[in-house]
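K.L.:
Next comes the structure file entry20.pdb, holding PDB, C-alpha atoms.
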MODEL        1
ATOM      1  CA  CYS G   1      15.654 -20.086  -7.929
ATOM      2  CA  SER G   2      12.796 -21.046 -10.179
ATOM      3  CA  SER G   3      12.519 -19.347 -13.561
ATOM      4  CA  ASP G   4       9.309 -17.581 -12.407
ATOM      5  CA  LEU G   5      11.138 -16.088  -9.437
ATOM      6  CA  GLN G   6      14.096 -15.067 -11.599
ATOM      7  CA  PHE G   7      11.701 -13.367 -14.020
ATOM      8  CA  LEU G   8      10.018 -11.538 -11.134
ATOM      9  CA  ILE G   9      13.372 -10.405  -9.728
ATOM     10  CA  ARG G  10      14.418  -9.085 -13.172
ATOM     11  CA  GLU G  11      11.097  -7.260 -13.465
ATOM     12  CA  TRP G  12      11.567  -5.703 -10.014
ATOM     13  CA  SER G  13      15.070  -4.637 -10.982
ATOM     14  CA  LEU G  14      13.725  -2.882 -14.079
ATOM     15  CA  GLN G  15      11.201  -1.140 -11.824
ATOM     16  CA  GLY G  16      13.991   0.208  -9.623
ATOM     17  CA  LEU G  17      14.243  -2.335  -6.817
ATOM     18  CA  PRO G  18      17.894  -2.881  -5.822
ATOM     19  CA  SER G  19      19.072  -6.440  -6.447
ATOM     20  CA  ASP G  20      20.613  -7.095  -3.025
ATOM     21  CA  PRO G  21      19.188 -10.029  -0.989
ATOM     22  CA  PHE G  22      17.496  -7.724   1.557
ATOM     23  CA  SER G  23      15.626  -5.825  -1.176
ATOM     24  CA  ILE G  24      14.629  -9.072  -2.919
ATOM     25  CA  GLU G  25      13.283 -10.400   0.384
ATOM     26  CA  ASN G  26      11.297  -7.190   0.872
ATOM     27  CA  GLY G  27       9.965  -7.453  -2.683
ATOM     28  CA  SER G  28       8.782 -10.993  -1.907
ATOM     29  CA  ILE G  29       7.038  -9.823   1.263
ATOM     30  CA  LEU G  30       5.371  -7.028  -0.683
ATOM     31  CA  GLN G  31       4.260  -9.468  -3.394
ATOM     32  CA  ARG G  32       2.822 -12.086  -1.025
ATOM     33  CA  SER G  33       1.428  -9.982   1.798
ATOM     34  CA  LYS G  34      -2.268 -10.248   2.545
ATOM     35  CA  SER G  35      -2.133  -6.947   4.480
ATOM     36  CA  PHE G  36      -1.203  -3.543   3.182
ATOM     37  CA  CYS G  37       2.533  -2.915   3.582
ATOM     38  CA  PHE G  38       4.129  -0.235   5.744
ATOM     39  CA  MET G  39       7.615   0.386   4.379
ATOM     40  CA  ILE G  40      10.425   2.087   6.281
ATOM     41  CA  ASP G  41      12.030   4.041   3.478
ATOM     42  CA  PRO G  42      14.476   6.753   4.597
ATOM     43  CA  GLN G  43      16.271   6.764   1.214
ATOM     44  CA  GLY G  44      13.106   6.766  -0.922
ATOM     45  CA  GLN G  45      13.936   3.512  -2.751
ATOM     46  CA  ALA G  46      10.631   1.810  -1.924
ATOM     47  CA  ASN G  47       8.741   4.944  -2.914
ATOM     48  CA  GLN G  48      10.464   5.057  -6.309
ATOM     49  CA  PHE G  49       9.964   1.311  -6.802
ATOM     50  CA  ILE G  50       6.214   1.487  -6.055
ATOM     51  CA  ARG G  51       5.821   4.494  -8.386
ATOM     52  CA  LYS G  52       7.430   2.579 -11.264
ATOM     53  CA  LYS G  53       5.799  -0.764 -10.429
ATOM     54  CA  GLU G  54       2.274   0.651 -10.293
ATOM     55  CA  ALA G  55       2.496   3.489 -12.849
ATOM     56  CA  LYS G  56       0.656   1.462 -15.499
ATOM     57  CA  ASN G  57      -2.164   0.746 -13.005
ATOM     58  CA  ARG G  58      -3.120   4.422 -12.456
ATOM     59  CA  LEU G  59      -1.220   4.808  -9.167
ATOM     60  CA  LYS G  60      -2.548   7.582  -6.941
ATOM     61  CA  VAL G  61       0.021   9.232  -4.645
ATOM     62  CA  ILE G  62      -1.209  10.921  -1.473
ATOM     63  CA  LYS G  63      -0.005  12.289   1.858
ATOM     64  CA  LEU G  64      -1.966  12.523   5.103
ATOM     65  CA  THR G  65      -1.570  16.295   4.832
ATOM     66  CA  ASP G  66      -3.482  16.430   1.525
ATOM     67  CA  ASP G  67      -6.912  18.002   1.961
ATOM     68  CA  ASN G  68      -8.612  15.406  -0.235
ATOM     69  CA  TYR G  69      -6.670  12.265   0.633
ATOM     70  CA  MET G  70      -9.777  10.369   1.830
ATOM     71  CA  ARG G  71     -11.651  11.191  -1.399
ATOM     72  CA  THR G  72      -8.671   9.939  -3.401
ATOM     73  CA  LEU G  73      -8.693   6.705  -1.386
ATOM     74  CA  GLU G  74     -12.448   6.278  -1.897
ATOM     75  CA  SER G  75     -12.191   6.714  -5.664
ATOM     76  CA  ALA G  76      -9.215   4.338  -5.863
ATOM     77  CA  MET G  77     -11.131   1.703  -3.850
ATOM     78  CA  LEU G  78     -14.071   2.053  -6.234
ATOM     79  CA  VAL G  79     -11.998   1.309  -9.355
ATOM     80  CA  GLY G  80      -9.355  -0.971  -7.809
ATOM     81  CA  ALA G  81      -6.452   1.425  -8.322
ATOM     82  CA  PRO G  82      -3.278   1.290  -6.226
ATOM     83  CA  VAL G  83      -2.499   4.107  -3.782
ATOM     84  CA  LEU G  84       0.841   5.161  -2.345
ATOM     85  CA  LEU G  85       0.423   6.921   1.007
ATOM     86  CA  GLU G  86       3.839   8.465   1.418
ATOM     87  CA  ASN G  87       5.893  10.115   4.139
ATOM     88  CA  VAL G  88       3.733   9.120   7.101
ATOM     89  CA  GLY G  89       4.862   9.425  10.706
ATOM     90  CA  GLU G  90       4.573   6.891  13.509
ATOM     91  CA  GLU G  91       0.779   7.177  13.688
ATOM     92  CA  LEU G  92      -1.911   7.003  11.050
ATOM     93  CA  ASP G  93      -5.280   8.720  10.936
ATOM     94  CA  ALA G  94      -7.930   6.574  12.660
ATOM     95  CA  ALA G  95     -10.135   7.115   9.590
ATOM     96  CA  LEU G  96      -7.834   4.640   7.787
ATOM     97  CA  ASP G  97      -8.637   1.795  10.208
ATOM     98  CA  PRO G  98     -11.441   0.198   8.135
ATOM     99  CA  ILE G  99      -9.121   0.180   5.119
ATOM    100  CA  LEU G 100      -6.137  -1.216   7.014
ATOM    101  CA  LYS G 101      -8.314  -3.894   8.624
ATOM    102  CA  LYS G 102     -10.003  -4.603   5.273
ATOM    103  CA  GLU G 103     -13.451  -4.358   6.843
ATOM    104  CA  VAL G 104     -15.246  -5.281   3.633
ATOM    105  CA  VAL G 105     -18.748  -6.739   3.604
ATOM    106  CA  ASN G 106     -20.668  -8.273   0.749
ATOM    107  CA  GLN G 107     -24.004  -6.550   0.125
ATOM    108  CA  GLY G 108     -26.101  -7.830  -2.717
ATOM    109  CA  GLY G 109     -23.119  -9.056  -4.706
ATOM    110  CA  ARG G 110     -20.991  -5.947  -4.252
ATOM    111  CA  HIS G 111     -18.128  -5.312  -1.875
ATOM    112  CA  VAL G 112     -18.701  -2.382   0.482
ATOM    113  CA  MET G 113     -16.656  -0.714   3.184
ATOM    114  CA  ARG G 114     -17.906   1.805   5.737
ATOM    115  CA  LEU G 115     -15.670   4.861   6.022
ATOM    116  CA  GLY G 116     -16.997   7.174   8.712
ATOM    117  CA  ASP G 117     -20.663   7.709   7.896
ATOM    118  CA  LYS G 118     -20.287   6.667   4.227
ATOM    119  CA  GLU G 119     -20.535   3.313   2.530
ATOM    120  CA  CYS G 120     -17.989   3.012  -0.250
ATOM    121  CA  GLU G 121     -17.780   0.364  -2.918
ATOM    122  CA  TYR G 122     -14.579  -1.661  -2.721
ATOM    123  CA  ASP G 123     -12.836  -3.350  -5.631
ATOM    124  CA  PRO G 124     -10.694  -6.287  -4.387
ATOM    125  CA  LYS G 125      -7.882  -5.141  -6.735
ATOM    126  CA  PHE G 126      -7.398  -2.028  -4.565
ATOM    127  CA  CYS G 127      -3.935  -1.907  -3.023
ATOM    128  CA  LEU G 128      -2.471   0.496  -0.470
ATOM    129  CA  TYR G 129       1.255   1.037   0.017
ATOM    130  CA  ILE G 130       2.442   3.109   2.979
ATOM    131  CA  THR G 131       5.923   4.597   3.296
ATOM    132  CA  THR G 132       7.723   6.545   5.992
ATOM    133  CA  LYS G 133      11.034   8.361   5.733
ATOM    134  CA  LEU G 134      11.661   7.810   9.436
ATOM    135  CA  PRO G 135      14.684   5.490   9.761
ATOM    136  CA  ASN G 136      13.508   3.792  12.962
ATOM    137  CA  PRO G 137       9.818   4.502  13.634
ATOM    138  CA  THR G 138       8.169   3.314  16.821
ATOM    139  CA  LEU G 139       4.824   1.912  15.703
ATOM    140  CA  SER G 140       2.124   1.143  18.208
ATOM    141  CA  PRO G 141       1.202  -2.528  18.599
ATOM    142  CA  GLU G 142      -2.267  -1.630  17.270
ATOM    143  CA  LEU G 143      -0.770  -0.311  14.024
ATOM    144  CA  GLN G 144       1.680  -3.201  13.741
ATOM    145  CA  ILE G 145      -1.125  -5.770  13.599
ATOM    146  CA  LYS G 146      -2.907  -3.826  10.833
ATOM    147  CA  VAL G 147       0.013  -3.681   8.382
ATOM    148  CA  ASP G 148       2.925  -5.856   7.232
TER     149      ASP G 148
ENDMDL
END
What is this structure when it is put down as structure tokens?
P.N.:
Amino acid sequence: CSSDLQFLIREWSLQGLPSDPFSIENGSILQRSKSFCFMIDPQGQANQFIRKKEAKNRLKVIKLTDDNYMRTLESAMLVGAPVLLENVGEELDAALDPILKKEVVNQGGRHVMRLGDKECEYDPKFCLYITTKLPNPTLSPELQIKVD
């Protein structure tokens, strides 16, 4: 292991990620993924890890059942804040598709994403984490290609 990787693994451990090889591999996937990650998390370890990892970055925590979850996502995209969408089922709201597909366009030097009938500014630092407590979810092929 390189010293950079060892440092990263120690940092993850301090943030609550277990130090077993499977967890380290998942941490690496999370770190390097170009898509937003969908984490199968029946024990809540990923949820706790993300909460600690992103606490200093103004993490917003939402559920699909929250009345204002889309407004929370819009404001987080505007300022580049991370969002944890927790306890989802096997399907996600179709309104999330532009976010999951990262359908961002450049208009006059600013990044914009269309959500429904609204255009929302998009900060490239925005990050979405998705967790499910289901131990063996059956995700549609359409959802599988949108997330890692």
K.L.:
If we draw a sphere of 10 Å around (1.7, 0.0, 13.0), which residues have at least one atom in it when counting only C-alpha atoms? Please report them as a PyMOL selection string.
P.N.:
chain G and resi 37-38+90-92+100+137-148
K.L.:
Which residues, named as in the file, does the PyMOL selection byres ((chain G and resi 43-51) around 8) pick out? Answer as a PyMOL selection string.
P.N.:
chain G and resi 12+15-17+39+41-42+52-55+59+84+86+129+131+133
K.L.:
Find the residues around range 111-114 of chain G up to 10 Å (all atoms listed in the file counted), leave out those fewer than 4 positions away in its own chain, and share them as a list in words.
P.N.:
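Once the adjacent positions are removed, what remains is Glu74, Met77, Leu78, Pro98, Ile99, Lys102, Glu103, Val104, Val105, Asn106, Gln107, Lys118, Glu119, Cys120, Glu121, Tyr122, Asp123 and Pro124 of chain G.
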K.L.:
Please measure the separation of CA of Val88 in chain G and CA of Leu134 in chain G, giving the value in Å to one decimal.
P.N.:
8.4 Å
K.L.:
Using all atoms listed in the file, which of G:Ser75, G:Leu8, G:Asp93, G:Lys34 sits nearest Lys63 in chain G?
P.N.:
G:Asp93
K.L.:
Interatomic distance between CA of Phe22 in chain G and CA of Ile130 in chain G?
P.N.:
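Computing the Euclidean distance for CA of Phe22 in chain G and CA of Ile130 in chain G yields 18.6 Å.
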K.L.:
Just need the box for range 46-50 of chain G, edges along x, y and z, holding every atom the file lists for it with 5 Å tacked onto each side, so centre and edge lengths in Å to one decimal, as AutoDock Vina command-line options.
P.N.:
--center_x 8.4 --center_y 3.2 --center_z -4.4 --size_x 14.4 --size_y 13.7 --size_z 14.9
K.L.:
How would you write, as a PyMOL selection string, the residues chosen by the PyMOL selection byres ((chain G and resi 128) around 6) on this structure?
P.N.:
chain G and resi 36+82-83+127+129
K.L.:
Just C-alpha atoms for this one: save the residues we selected as a tab-separated table (two decimals), in the frame of the given file.
P.N.:
chain	number	residue	atom	x	y	z
G	36	PHE	CA	-1.20	-3.54	3.18
G	82	PRO	CA	-3.28	1.29	-6.23
G	83	VAL	CA	-2.50	4.11	-3.78
G	127	CYS	CA	-3.94	-1.91	-3.02
G	129	TYR	CA	1.25	1.04	0.02
K.L.:
Taking all atoms listed in the file into account, which of G:Lys125, G:Leu30, G:Ile40, G:Asn68 comes nearest Gly80 in chain G?
P.N.:
G:Lys125
K.L.:
Can you work out the spacing between CA of Arg110 in chain G and CA of Arg32 in chain G in Å, to one decimal?
P.N.:
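Pair CA of Arg110 in chain G / CA of Arg32 in chain G returns 24.8 Å.
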K.L.:
Which of these residues is nearest to Leu115 in chain G, using only C-alpha atoms: G:Leu73, G:Ser19, G:Leu85, G:Thr132?
P.N.:
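Ranked by minimum distance to Leu115 in chain G, first place goes to G:Leu73.
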